file target06.cif (mmCIF, C-alpha atoms)
data_coords
#
loop_
_atom_site.group_PDB
_atom_site.id
_atom_site.type_symbol
_atom_site.label_atom_id
_atom_site.label_comp_id
_atom_site.auth_asym_id
_atom_site.auth_seq_id
_atom_site.Cartn_x
_atom_site.Cartn_y
_atom_site.Cartn_z
ATOM 1 C CA MET A 1225 7.028 14.148 -9.224
ATOM 2 C CA ASP A 1226 6.049 15.520 -5.844
ATOM 3 C CA TYR A 1227 7.460 14.038 -2.649
ATOM 4 C CA GLN A 1228 6.184 14.010 0.907
ATOM 5 C CA TYR A 1229 7.583 13.048 4.283
ATOM 6 C CA LEU A 1230 6.485 9.589 5.396
ATOM 7 C CA GLY A 1231 4.610 10.338 8.598
ATOM 8 C CA LYS A 1232 6.746 12.008 11.249
ATOM 9 C CA SER A 1233 9.965 10.619 9.757
ATOM 10 C CA GLY A 1234 12.476 12.568 7.713
ATOM 11 C CA LEU A 1235 12.087 10.100 4.832
ATOM 12 C CA LYS A 1236 10.699 11.554 1.608
ATOM 13 C CA VAL A 1237 8.612 9.341 -0.673
ATOM 14 C CA SER A 1238 6.889 9.918 -3.998
ATOM 15 C CA ARG A 1239 3.147 10.659 -4.026
ATOM 16 C CA LEU A 1240 2.594 7.411 -5.920
ATOM 17 C CA CYS A 1241 3.841 4.111 -4.513
ATOM 18 C CA LEU A 1242 4.639 1.310 -6.960
ATOM 19 C CA GLY A 1243 2.915 -1.885 -5.858
ATOM 20 C CA THR A 1244 4.524 -5.128 -7.002
ATOM 21 C CA MET A 1245 1.960 -7.805 -6.098
ATOM 22 C CA ASN A 1246 1.468 -8.709 -9.780
ATOM 23 C CA PHE A 1247 5.166 -9.372 -10.367
ATOM 24 C CA GLY A 1248 5.735 -13.066 -11.007
ATOM 25 C CA THR A 1249 2.036 -13.883 -11.323
ATOM 26 C CA THR A 1250 0.205 -11.796 -13.928
ATOM 27 C CA THR A 1251 3.345 -9.845 -14.869
ATOM 28 C CA GLU A 1252 6.413 -11.670 -16.198
ATOM 29 C CA GLU A 1253 9.841 -10.814 -14.826
ATOM 30 C CA LYS A 1254 11.036 -8.969 -17.932
ATOM 31 C CA ASP A 1255 7.939 -6.773 -17.885
ATOM 32 C CA ALA A 1256 8.326 -6.204 -14.126
ATOM 33 C CA PHE A 1257 11.863 -4.956 -14.836
ATOM 34 C CA ARG A 1258 10.509 -2.561 -17.462
ATOM 35 C CA ILE A 1259 7.845 -1.235 -15.078
ATOM 36 C CA MET A 1260 10.366 -0.633 -12.291
ATOM 37 C CA ASP A 1261 12.751 1.127 -14.658
ATOM 38 C CA ALA A 1262 9.894 3.290 -15.935
ATOM 39 C CA ALA A 1263 8.923 4.123 -12.352
ATOM 40 C CA LEU A 1264 12.415 5.386 -11.552
ATOM 41 C CA ASP A 1265 12.472 7.393 -14.777
ATOM 42 C CA ALA A 1266 9.177 9.013 -13.737
ATOM 43 C CA GLY A 1267 10.550 9.931 -10.309
ATOM 44 C CA ILE A 1268 8.727 7.269 -8.294
ATOM 45 C CA ASN A 1269 11.111 6.253 -5.513
ATOM 46 C CA PHE A 1270 8.659 4.352 -3.274
ATOM 47 C CA PHE A 1271 8.246 0.609 -3.970
ATOM 48 C CA ASP A 1272 6.015 -1.709 -1.929
ATOM 49 C CA THR A 1273 6.134 -5.496 -1.761
ATOM 50 C CA ALA A 1274 5.637 -8.347 0.741
ATOM 51 C CA ASN A 1275 7.413 -11.588 1.490
ATOM 52 C CA VAL A 1276 4.296 -13.621 0.651
ATOM 53 C CA TYR A 1277 3.789 -12.124 -2.813
ATOM 54 C CA GLY A 1278 4.296 -14.566 -5.675
ATOM 55 C CA GLY A 1279 1.072 -16.561 -5.780
ATOM 56 C CA GLU A 1280 1.865 -20.254 -5.409
ATOM 57 C CA ASN A 1281 5.523 -19.344 -4.871
ATOM 58 C CA PRO A 1282 5.759 -17.014 -1.854
ATOM 59 C CA GLY A 1283 8.924 -14.948 -2.073
ATOM 60 C CA LEU A 1284 8.964 -14.876 -5.878
ATOM 61 C CA THR A 1285 8.116 -11.177 -6.093
ATOM 62 C CA GLU A 1286 10.895 -10.211 -3.683
ATOM 63 C CA SER A 1287 13.306 -12.359 -5.706
ATOM 64 C CA ILE A 1288 12.339 -10.556 -8.915
ATOM 65 C CA ILE A 1289 12.975 -7.195 -7.265
ATOM 66 C CA GLY A 1290 16.303 -8.499 -5.968
ATOM 67 C CA ARG A 1291 17.414 -9.551 -9.451
ATOM 68 C CA TRP A 1292 16.387 -6.125 -10.756
ATOM 69 C CA PHE A 1293 18.496 -4.462 -8.039
ATOM 70 C CA LYS A 1294 21.405 -6.731 -8.962
ATOM 71 C CA GLN A 1295 21.632 -5.074 -12.374
ATOM 72 C CA GLY A 1296 23.140 -2.044 -10.652
ATOM 73 C CA GLY A 1297 22.911 1.361 -12.244
ATOM 74 C CA GLY A 1298 21.943 2.957 -8.927
ATOM 75 C CA ARG A 1299 18.649 1.078 -8.838
ATOM 76 C CA ARG A 1300 18.878 0.059 -5.196
ATOM 77 C CA GLU A 1301 20.155 3.449 -4.057
ATOM 78 C CA LYS A 1302 17.229 5.259 -5.685
ATOM 79 C CA VAL A 1303 14.478 3.139 -4.121
ATOM 80 C CA VAL A 1304 12.720 3.556 -0.786
ATOM 81 C CA LEU A 1305 11.853 -0.104 -0.327
ATOM 82 C CA GLY A 1306 9.002 -1.398 1.778
ATOM 83 C CA THR A 1307 8.225 -5.061 2.404
ATOM 84 C CA LYS A 1308 6.027 -6.888 4.897
ATOM 85 C CA VAL A 1309 6.026 -9.727 7.390
ATOM 86 C CA TYR A 1310 3.138 -11.736 8.878
ATOM 87 C CA GLY A 1311 1.911 -14.458 6.506
ATOM 88 C CA SER A 1312 3.053 -18.042 6.120
ATOM 89 C CA MET A 1313 5.970 -18.712 3.769
ATOM 90 C CA ARG A 1314 5.194 -22.463 3.769
ATOM 91 C CA ASP A 1315 8.561 -23.242 5.300
ATOM 92 C CA ALA A 1316 8.427 -26.709 6.875
ATOM 93 C CA ALA A 1317 11.610 -25.953 8.815
ATOM 94 C CA ASP A 1318 9.704 -23.423 10.922
ATOM 95 C CA GLY A 1319 7.005 -25.911 11.876
ATOM 96 C CA PRO A 1320 4.137 -24.287 13.806
ATOM 97 C CA ASN A 1321 6.064 -21.013 13.905
ATOM 98 C CA ASP A 1322 5.456 -20.555 10.177
ATOM 99 C CA GLU A 1323 1.783 -19.876 10.779
ATOM 100 C CA SER A 1324 0.623 -16.297 10.256
ATOM 101 C CA GLY A 1325 1.832 -14.069 13.054
ATOM 102 C CA LEU A 1326 4.434 -11.656 14.385
ATOM 103 C CA SER A 1327 6.546 -13.411 16.989
ATOM 104 C CA ALA A 1328 10.084 -12.091 17.499
ATOM 105 C CA TYR A 1329 11.272 -15.498 16.251
ATOM 106 C CA LYS A 1330 9.362 -15.087 13.026
ATOM 107 C CA ILE A 1331 10.291 -11.440 12.469
ATOM 108 C CA ARG A 1332 14.003 -12.253 12.807
ATOM 109 C CA ARG A 1333 13.903 -15.270 10.464
ATOM 110 C CA HIS A 1334 11.644 -13.698 7.850
ATOM 111 C CA LEU A 1335 13.630 -10.456 7.826
ATOM 112 C CA GLU A 1336 16.810 -12.381 7.030
ATOM 113 C CA GLU A 1337 15.092 -14.313 4.229
ATOM 114 C CA SER A 1338 13.589 -11.146 2.715
ATOM 115 C CA LEU A 1339 17.029 -9.499 2.698
ATOM 116 C CA LYS A 1340 18.472 -12.489 0.837
ATOM 117 C CA ARG A 1341 15.720 -12.542 -1.776
ATOM 118 C CA LEU A 1342 15.880 -8.778 -2.254
ATOM 119 C CA GLN A 1343 19.688 -8.909 -2.476
ATOM 120 C CA THR A 1344 20.070 -5.964 -0.156
ATOM 121 C CA GLU A 1345 21.522 -5.299 3.280
ATOM 122 C CA HIS A 1346 18.633 -3.193 4.536
ATOM 123 C CA ILE A 1347 14.954 -2.412 4.080
ATOM 124 C CA GLU A 1348 13.819 1.187 4.462
ATOM 125 C CA LEU A 1349 10.298 0.313 5.644
ATOM 126 C CA TYR A 1350 9.532 -3.019 7.313
ATOM 127 C CA GLN A 1351 5.774 -3.398 7.742
ATOM 128 C CA MET A 1352 3.552 -5.654 9.804
ATOM 129 C CA HIS A 1353 1.118 -7.032 7.234
ATOM 130 C CA HIS A 1354 -1.602 -7.453 9.853
ATOM 131 C CA ILE A 1355 -2.161 -7.152 13.591
ATOM 132 C CA ASP A 1356 -1.268 -10.173 15.733
ATOM 133 C CA PRO A 1357 -3.239 -10.000 19.009
ATOM 134 C CA ALA A 1358 -1.214 -12.894 20.463
ATOM 135 C CA VAL A 1359 1.999 -10.847 20.572
ATOM 136 C CA THR A 1360 2.699 -8.042 23.059
ATOM 137 C CA TRP A 1361 4.128 -4.687 22.036
ATOM 138 C CA GLU A 1362 7.109 -5.388 24.277
ATOM 139 C CA GLU A 1363 7.981 -8.379 22.093
ATOM 140 C CA LEU A 1364 7.224 -6.577 18.840
ATOM 141 C CA TRP A 1365 9.135 -3.394 19.553
ATOM 142 C CA GLY A 1366 12.045 -5.402 20.948
ATOM 143 C CA ALA A 1367 12.292 -7.358 17.687
ATOM 144 C CA PHE A 1368 12.048 -4.275 15.480
ATOM 145 C CA GLU A 1369 14.487 -2.273 17.605
ATOM 146 C CA LEU A 1370 17.017 -5.076 17.165
ATOM 147 C CA GLY A 1371 16.622 -4.952 13.380
ATOM 148 C CA ILE A 1372 17.036 -1.177 13.411
ATOM 149 C CA ASN A 1373 20.108 -1.326 15.669
ATOM 150 C CA GLN A 1374 21.643 -3.900 13.316
ATOM 151 C CA GLY A 1375 21.086 -1.557 10.360
ATOM 152 C CA LYS A 1376 18.739 -4.003 8.637
ATOM 153 C CA ILE A 1377 15.580 -1.894 9.048
ATOM 154 C CA GLY A 1378 15.170 1.860 8.664
ATOM 155 C CA TYR A 1379 11.598 2.404 9.824
ATOM 156 C CA VAL A 1380 8.614 0.340 10.936
ATOM 157 C CA GLY A 1381 5.128 0.468 9.452
ATOM 158 C CA SER A 1382 1.832 -1.332 9.925
ATOM 159 C CA SER A 1383 -0.952 -2.540 7.662
ATOM 160 C CA ASN A 1384 -4.614 -3.263 8.362
ATOM 161 C CA PHE A 1385 -4.503 -1.836 11.901
ATOM 162 C CA ALA A 1386 -7.497 -0.292 13.643
ATOM 163 C CA ALA A 1387 -7.175 3.217 15.061
ATOM 164 C CA TRP A 1388 -7.001 1.985 18.663
ATOM 165 C CA GLN A 1389 -4.219 -0.435 17.676
ATOM 166 C CA LEU A 1390 -2.245 2.430 16.149
ATOM 167 C CA ALA A 1391 -2.680 4.363 19.384
ATOM 168 C CA ASN A 1392 -1.530 1.400 21.482
ATOM 169 C CA ALA A 1393 1.495 0.899 19.264
ATOM 170 C CA GLN A 1394 2.584 4.516 19.545
ATOM 171 C CA ASN A 1395 2.013 4.647 23.279
ATOM 172 C CA ALA A 1396 4.126 1.533 23.814
ATOM 173 C CA ALA A 1397 6.849 2.968 21.566
ATOM 174 C CA LYS A 1398 6.836 6.280 23.452
ATOM 175 C CA ASN A 1399 7.358 4.443 26.728
ATOM 176 C CA ARG A 1400 10.475 2.859 25.201
ATOM 177 C CA HIS A 1401 11.711 6.205 23.794
ATOM 178 C CA PHE A 1402 11.305 4.653 20.352
ATOM 179 C CA LEU A 1403 10.028 6.307 17.160
ATOM 180 C CA GLY A 1404 7.312 3.695 16.621
ATOM 181 C CA LEU A 1405 5.208 3.526 13.469
ATOM 182 C CA VAL A 1406 5.837 5.946 10.611
ATOM 183 C CA SER A 1407 3.138 4.545 8.323
ATOM 184 C CA GLU A 1408 -0.076 2.570 8.139
ATOM 185 C CA GLN A 1409 -1.068 0.786 4.946
ATOM 186 C CA HIS A 1410 -4.857 0.619 4.787
ATOM 187 C CA LYS A 1411 -7.636 -0.207 2.357
ATOM 188 C CA TYR A 1412 -9.165 3.052 1.209
ATOM 189 C CA ASN A 1413 -10.961 4.109 -1.956
ATOM 190 C CA LEU A 1414 -14.088 5.884 -3.163
ATOM 191 C CA ASN A 1415 -16.090 2.731 -2.601
ATOM 192 C CA CYS A 1416 -14.589 1.853 0.790
ATOM 193 C CA ARG A 1417 -14.367 4.899 3.048
ATOM 194 C CA PHE A 1418 -14.561 3.348 6.519
ATOM 195 C CA ALA A 1419 -11.046 4.653 7.252
ATOM 196 C CA GLU A 1420 -12.458 8.189 7.393
ATOM 197 C CA LEU A 1421 -14.227 7.372 10.666
ATOM 198 C CA GLU A 1422 -11.181 6.695 12.837
ATOM 199 C CA VAL A 1423 -8.056 5.405 11.056
ATOM 200 C CA LEU A 1424 -7.338 8.521 8.996
ATOM 201 C CA PRO A 1425 -7.910 10.968 11.896
ATOM 202 C CA ALA A 1426 -5.843 8.789 14.245
ATOM 203 C CA ALA A 1427 -2.970 8.503 11.779
ATOM 204 C CA LYS A 1428 -2.936 12.276 11.311
ATOM 205 C CA GLN A 1429 -2.990 12.917 15.069
ATOM 206 C CA LEU A 1430 -0.248 10.352 15.743
ATOM 207 C CA GLY A 1431 2.035 11.472 12.915
ATOM 208 C CA ILE A 1432 1.598 8.261 10.917
ATOM 209 C CA GLY A 1433 1.731 8.425 7.125
ATOM 210 C CA MET A 1434 -1.166 6.825 5.253
ATOM 211 C CA ILE A 1435 -0.371 4.466 2.383
ATOM 212 C CA THR A 1436 -3.550 3.229 0.722
ATOM 213 C CA TRP A 1437 -4.001 -0.169 -0.876
ATOM 214 C CA SER A 1438 -6.688 -1.148 -3.381
ATOM 215 C CA PRO A 1439 -7.305 2.481 -4.431
ATOM 216 C CA LEU A 1440 -9.364 1.155 -7.380
ATOM 217 C CA ASP A 1441 -11.219 -1.401 -5.253
ATOM 218 C CA GLY A 1442 -9.882 -4.380 -7.161
ATOM 219 C CA GLY A 1443 -10.745 -2.861 -10.534
ATOM 220 C CA LEU A 1444 -14.296 -1.835 -9.661
ATOM 221 C CA LEU A 1445 -13.289 1.829 -10.087
ATOM 222 C CA GLY A 1446 -11.287 1.160 -13.251
ATOM 223 C CA ARG A 1447 -12.073 2.234 -16.770
ATOM 224 C CA ASN A 1448 -12.983 -1.283 -17.909
ATOM 225 C CA ALA A 1449 -15.278 -2.299 -15.063
ATOM 226 C CA LEU A 1450 -18.458 -1.931 -17.131
ATOM 227 C CA LYS A 1451 -16.997 -3.180 -20.405
ATOM 228 C CA LYS A 1452 -16.842 -6.883 -19.494
ATOM 229 C CA MET A 1453 -13.536 -7.292 -21.284
ATOM 230 C CA PRO A 1454 -12.392 -10.944 -21.434
ATOM 231 C CA GLY A 1455 -9.585 -11.583 -19.003
ATOM 232 C CA SER A 1456 -10.081 -8.285 -17.202
ATOM 233 C CA ARG A 1457 -10.782 -7.990 -13.508
ATOM 234 C CA SER A 1458 -14.411 -7.223 -14.312
ATOM 235 C CA ASP A 1459 -14.866 -10.984 -14.781
ATOM 236 C CA LYS A 1460 -13.988 -11.498 -11.102
ATOM 237 C CA ILE A 1461 -16.166 -8.755 -9.657
ATOM 238 C CA GLY A 1462 -19.327 -9.299 -11.690
ATOM 239 C CA ASP A 1463 -21.652 -9.383 -8.679
ATOM 240 C CA LYS A 1464 -20.269 -6.117 -7.323
ATOM 241 C CA ILE A 1465 -20.598 -4.469 -10.716
ATOM 242 C CA ASN A 1466 -24.240 -5.534 -11.028
ATOM 243 C CA ALA A 1467 -25.039 -4.344 -7.508
ATOM 244 C CA GLN A 1468 -23.446 -0.928 -8.084
ATOM 245 C CA ARG A 1469 -24.104 -0.439 -11.770
ATOM 246 C CA ALA A 1470 -25.991 2.837 -11.281
ATOM 247 C CA GLN A 1471 -23.127 4.311 -9.232
ATOM 248 C CA LEU A 1472 -20.504 3.132 -11.682
ATOM 249 C CA GLU A 1473 -22.437 4.581 -14.614
ATOM 250 C CA GLN A 1474 -22.645 7.957 -12.861
ATOM 251 C CA PHE A 1475 -18.935 7.738 -12.122
ATOM 252 C CA GLY A 1476 -18.215 6.948 -15.746
ATOM 253 C CA GLN A 1477 -20.336 9.895 -16.896
ATOM 254 C CA LEU A 1478 -18.524 12.285 -14.554
ATOM 255 C CA SER A 1479 -15.139 11.013 -15.722
ATOM 256 C CA GLU A 1480 -16.174 11.446 -19.337
ATOM 257 C CA GLU A 1481 -17.276 15.031 -18.635
ATOM 258 C CA LEU A 1482 -13.846 15.696 -17.141
ATOM 259 C CA GLY A 1483 -12.105 14.037 -20.081
ATOM 260 C CA GLU A 1484 -10.348 11.558 -17.801
ATOM 261 C CA THR A 1485 -10.528 7.841 -17.074
ATOM 262 C CA GLN A 1486 -12.280 6.488 -13.996
ATOM 263 C CA ASP A 1487 -9.123 5.008 -12.517
ATOM 264 C CA ASN A 1488 -7.236 8.280 -12.733
ATOM 265 C CA ILE A 1489 -10.130 10.202 -11.188
ATOM 266 C CA ALA A 1490 -10.234 7.669 -8.333
ATOM 267 C CA LEU A 1491 -6.500 8.144 -7.743
ATOM 268 C CA ALA A 1492 -6.699 11.935 -8.057
ATOM 269 C CA TRP A 1493 -9.435 11.898 -5.389
ATOM 270 C CA GLN A 1494 -6.966 10.207 -3.033
ATOM 271 C CA LEU A 1495 -4.149 12.631 -3.828
ATOM 272 C CA ALA A 1496 -6.503 15.512 -3.034
ATOM 273 C CA ASN A 1497 -6.795 14.216 0.540
ATOM 274 C CA PRO A 1498 -4.028 15.706 2.735
ATOM 275 C CA ALA A 1499 -4.247 12.674 5.034
ATOM 276 C CA VAL A 1500 -3.029 10.354 2.251
ATOM 277 C CA THR A 1501 0.720 10.092 1.726
ATOM 278 C CA ALA A 1502 0.624 7.822 -1.315
ATOM 279 C CA PRO A 1503 -1.814 5.395 -2.916
ATOM 280 C CA ILE A 1504 -0.319 2.117 -4.132
ATOM 281 C CA ILE A 1505 -0.646 1.604 -7.859
ATOM 282 C CA GLY A 1506 -0.342 -1.933 -9.221
ATOM 283 C CA PRO A 1507 0.246 -1.810 -12.977
ATOM 284 C CA ARG A 1508 0.464 -5.126 -14.805
ATOM 285 C CA THR A 1509 2.048 -3.583 -17.903
ATOM 286 C CA VAL A 1510 4.247 -0.613 -18.771
ATOM 287 C CA GLU A 1511 1.348 0.841 -20.741
ATOM 288 C CA GLN A 1512 -0.882 0.759 -17.668
ATOM 289 C CA PHE A 1513 1.856 2.391 -15.637
ATOM 290 C CA GLU A 1514 2.388 5.192 -18.161
ATOM 291 C CA SER A 1515 -1.352 5.841 -18.317
ATOM 292 C CA THR A 1516 -1.480 6.155 -14.520
ATOM 293 C CA LEU A 1517 1.111 8.944 -14.495
ATOM 294 C CA ARG A 1518 -1.571 11.232 -15.907
ATOM 295 C CA VAL A 1519 -3.110 11.372 -12.413
ATOM 296 C CA LEU A 1520 -0.293 13.636 -11.243
ATOM 297 C CA GLU A 1521 -1.616 16.382 -13.527
ATOM 298 C CA ILE A 1522 -5.263 16.161 -12.441
ATOM 299 C CA ASN A 1523 -6.598 18.700 -9.946
ATOM 300 C CA LEU A 1524 -10.139 18.118 -8.714
ATOM 301 C CA ASP A 1525 -11.980 21.249 -7.612
ATOM 302 C CA ASP A 1526 -14.529 21.382 -4.795
ATOM 303 C CA SER A 1527 -17.486 20.928 -7.138
ATOM 304 C CA VAL A 1528 -16.048 17.668 -8.506
ATOM 305 C CA LEU A 1529 -15.200 16.415 -5.020
ATOM 306 C CA LYS A 1530 -18.789 17.163 -3.974
ATOM 307 C CA ARG A 1531 -20.153 15.163 -6.919
ATOM 308 C CA LEU A 1532 -17.909 12.245 -6.031
ATOM 309 C CA ASP A 1533 -19.261 12.375 -2.473
ATOM 310 C CA GLU A 1534 -22.775 12.219 -3.889
ATOM 311 C CA ILE A 1535 -21.947 9.190 -6.049
ATOM 312 C CA PHE A 1536 -19.909 7.387 -3.397
ATOM 313 C CA PRO A 1537 -21.131 8.682 -0.010
ATOM 314 C CA GLY A 1538 -18.652 8.397 2.820
ATOM 315 C CA PRO A 1539 -19.536 7.909 6.501
ATOM 316 C CA GLY A 1540 -20.212 11.628 6.866
ATOM 317 C CA GLY A 1541 -17.015 12.611 8.621
ATOM 318 C CA SER A 1542 -14.903 11.283 11.458
ATOM 319 C CA ALA A 1543 -16.178 9.531 14.571
ATOM 320 C CA PRO A 1544 -18.163 10.411 16.610
ATOM 321 C CA TYR A 1545 -19.391 13.372 14.583
ATOM 322 C CA ALA A 1546 -20.457 11.143 11.684
ATOM 323 C CA TYR A 1547 -23.168 9.483 13.744
ATOM 324 C CA ALA A 1548 -23.612 11.207 17.119
ATOM 325 C CA TRP A 1549 -25.394 14.445 17.974
#

call {"tool": "encode", "arguments": {"input": "target06.cif", "output": "structure tokens"}}
result
Amino acid sequence: MDYQYLGKSGLKVSRLCLGTMNFGTTTEEKDAFRIMDAALDAGINFFDTANVYGGENPGLTESIIGRWFKQGGGRREKVVLGTKVYGSMRDAADGPNDESGLSAYKIRRHLEESLKRLQTEHIELYQMHHIDPAVTWEELWGAFELGINQGKIGYVGSSNFAAWQLANAQNAAKNRHFLGLVSEQHKYNLNCRFAELEVLPAAKQLGIGMITWSPLDGGLLGRNALKKMPGSRSDKIGDKINAQRAQLEQFGQLSEELGETQDNIALAWQLANPAVTAPIIGPRTVEQFESTLRVLEINLDDSVLKRLDEIFPGPGGSAPYAYAW
């Protein structure tokens, strides 16, 4: 397993990040335990979750991870743990302050609850799940600085931020002599390349690590997208599949020529990008997880990358060069 610094921090994380959103919903607890154990055995030290994960039971996924940590065996010590705050936890005690957002009140309360569910005293990476335009950076950085000074948070990250919001965040942090953001978690895949315009260049310039979510575009770039397998995600993305069938068939042909599966080619494409720290993989079974590890051995040469650009055209570069003279 290769490791890389997370942004401008001194924290090293694995090139694959284990996503846990399926734990407690499509993946039973015992299987989630097996996946997490397999991840550690493979050298993956970077786990991502969120307080709202758990479907109809927000917090369930964090609780599953906490019970896995409780088994001991060095599990907690080996994991760089990231969770998120922003969404509603459906807590009537919070009243209107349980609505989605990032007030200092909410950050403090939700941090404490996440720590309890995760059965840990600290979180390496505490991430804002979305931007909250109603909250100033003075309030935000004050709340996160408090958590860091208390030893409950190691680093702060963002998710779903625009490039200008990343710049504002770092400027406000610099004025406070504070490290600021070390990572941005953003949607990015062969089929969704908007981040190449501004978010990726901004993150690189600002020293922010890029963690990518939905690297397979919800299964559209997976090996079973065109097979219409009962119960697979292809049932949920039928309209997208029909609209992009020609592209997906070309992608499947290229993958077959390379002797690899579509999902692993899509992940290898991300790992070939120096701006990407780690894509988030979300296996539902141990078998899926083990199959994904193959991506670490795939090296895509320039000719393959060019063909992928032809199948899934990006914006043509970063802004403004992608569209201006």

call {"tool": "resolve_selection", "arguments": {"input": "target06.cif", "expression": "the PyMOL selection byres ((chain A and resi 1423) around 9)", "output": "PDB file with C-alpha atoms, in the frame of the given file"}}
result
ATOM      1  CA  PHE A1385      -4.503  -1.836  11.901  1.00  0.00           C
ATOM      2  CA  ALA A1386      -7.497  -0.292  13.643  1.00  0.00           C
ATOM      3  CA  ALA A1387      -7.175   3.217  15.061  1.00  0.00           C
ATOM      4  CA  TRP A1388      -7.001   1.985  18.663  1.00  0.00           C
ATOM      5  CA  LEU A1390      -2.245   2.430  16.149  1.00  0.00           C
ATOM      6  CA  GLU A1408      -0.076   2.570   8.139  1.00  0.00           C
ATOM      7  CA  HIS A1410      -4.857   0.619   4.787  1.00  0.00           C
ATOM      8  CA  PHE A1418     -14.561   3.348   6.519  1.00  0.00           C
ATOM      9  CA  ALA A1419     -11.046   4.653   7.252  1.00  0.00           C
ATOM     10  CA  GLU A1420     -12.458   8.189   7.393  1.00  0.00           C
ATOM     11  CA  LEU A1421     -14.227   7.372  10.666  1.00  0.00           C
ATOM     12  CA  GLU A1422     -11.181   6.695  12.837  1.00  0.00           C
ATOM     13  CA  LEU A1424      -7.338   8.521   8.996  1.00  0.00           C
ATOM     14  CA  PRO A1425      -7.910  10.968  11.896  1.00  0.00           C
ATOM     15  CA  ALA A1426      -5.843   8.789  14.245  1.00  0.00           C
ATOM     16  CA  ALA A1427      -2.970   8.503  11.779  1.00  0.00           C
ATOM     17  CA  LYS A1428      -2.936  12.276  11.311  1.00  0.00           C
TER      18      LYS A1428
END

call {"tool": "residues_around", "arguments": {"input": "target06.cif", "residues": "region 1282-1293 of chain A", "least_positions_apart": "3", "cutoff": "6 Å", "atoms": "all atoms listed in the file", "output": "VMD selection string"}}
result
chain A and resid 1247 to 1248 1275 to 1278 1296 1299 to 1300 1313 1341 to 1343

call {"tool": "atom_distance", "arguments": {"input": "target06.cif", "atom1": "CA of Gly1375 (chain A)", "atom2": "CA of Gly1297 (chain A)"}}
result
22.9 Å

call {"tool": "atom_distance", "arguments": {"input": "target06.cif", "atom1": "CA of Tyr1379 (chain A)", "atom2": "CA of Lys1411 (chain A)"}}
result
20.8 Å

call {"tool": "residues_around", "arguments": {"input": "target06.cif", "residues": "Gly1433 (chain A)", "least_positions_apart": "3", "cutoff": "9 Å", "atoms": "all atoms listed in the file", "output": "VMD selection string"}}
result
chain A and resid 1229 to 1233 1381 1405 to 1409 1427 to 1428 1499 to 1502

call {"tool": "resolve_selection", "arguments": {"input": "target06.cif", "expression": "the PyMOL selection byres ((chain A and resi 1412) around 6)", "output": "list of chain:residue names"}}
result
A:Lys1411, A:Asn1413, A:Cys1416, A:Arg1417, A:Thr1436, A:Pro1439

call {"tool": "residues_near_point", "arguments": {"input": "target06.cif", "point": "(2.0, -19.3, 13.8)", "cutoff": "10 Å", "atoms": "all atoms listed in the file", "output": "list of chain:residue names"}}
result
A:Tyr1310, A:Gly1311, A:Ser1312, A:Asp1318, A:Gly1319, A:Pro1320, A:Asn1321, A:Asp1322, A:Glu1323, A:Ser1324, A:Gly1325, A:Leu1326, A:Ser1327, A:Lys1330, A:Asp1356, A:Ala1358

call {"tool": "closest_residue", "arguments": {"input": "target06.cif", "among": "A:Ala1467, A:Val1528, A:Ile1377, A:Leu1517", "to": "Leu1339 (chain A)", "atoms": "only C-alpha atoms"}}
result
A:Ile1377

call {"tool": "closest_residue", "arguments": {"input": "target06.cif", "among": "A:Ile1505, A:Ala1262, A:Ala1367, A:Val1519", "to": "Asn1246 (chain A)", "atoms": "only C-alpha atoms"}}
result
A:Ile1505

call {"tool": "residues_near_point", "arguments": {"input": "target06.cif", "point": "(7.0, 12.0, -6.8)", "cutoff": "6 Å", "atoms": "only C-alpha atoms", "output": "VMD selection string"}}
result
chain A and resid 1225 to 1227 1238 to 1239 1267 to 1268

call {"tool": "atom_distance", "arguments": {"input": "target06.cif", "atom1": "CA of Cys1241 (chain A)", "atom2": "CA of Gln1429 (chain A)"}}
result
22.5 Å

call {"tool": "residues_around", "arguments": {"input": "target06.cif", "residues": "Lys1398 (chain A)", "least_positions_apart": "6", "cutoff": "12 Å", "atoms": "only C-alpha atoms", "output": "PyMOL selection string"}}
result
chain A and resi 1361-1362+1365+1391-1392+1404-1405+1430

call {"tool": "resolve_selection", "arguments": {"input": "target06.cif", "expression": "the PyMOL selection byres ((chain A and resi 1524) around 12)", "output": "tab-separated table (two decimals) with C-alpha atoms, in the frame of the given file"}}
result
chain	number	residue	atom	x	y	z
A	1478	LEU	CA	-18.52	12.28	-14.55
A	1479	SER	CA	-15.14	11.01	-15.72
A	1482	LEU	CA	-13.85	15.70	-17.14
A	1484	GLU	CA	-10.35	11.56	-17.80
A	1488	ASN	CA	-7.24	8.28	-12.73
A	1489	ILE	CA	-10.13	10.20	-11.19
A	1490	ALA	CA	-10.23	7.67	-8.33
A	1491	LEU	CA	-6.50	8.14	-7.74
A	1492	ALA	CA	-6.70	11.94	-8.06
A	1493	TRP	CA	-9.44	11.90	-5.39
A	1494	GLN	CA	-6.97	10.21	-3.03
A	1495	LEU	CA	-4.15	12.63	-3.83
A	1496	ALA	CA	-6.50	15.51	-3.03
A	1497	ASN	CA	-6.80	14.22	0.54
A	1519	VAL	CA	-3.11	11.37	-12.41
A	1520	LEU	CA	-0.29	13.64	-11.24
A	1521	GLU	CA	-1.62	16.38	-13.53
A	1522	ILE	CA	-5.26	16.16	-12.44
A	1523	ASN	CA	-6.60	18.70	-9.95
A	1525	ASP	CA	-11.98	21.25	-7.61
A	1526	ASP	CA	-14.53	21.38	-4.80
A	1527	SER	CA	-17.49	20.93	-7.14
A	1528	VAL	CA	-16.05	17.67	-8.51
A	1529	LEU	CA	-15.20	16.42	-5.02
A	1530	LYS	CA	-18.79	17.16	-3.97
A	1531	ARG	CA	-20.15	15.16	-6.92
A	1532	LEU	CA	-17.91	12.24	-6.03
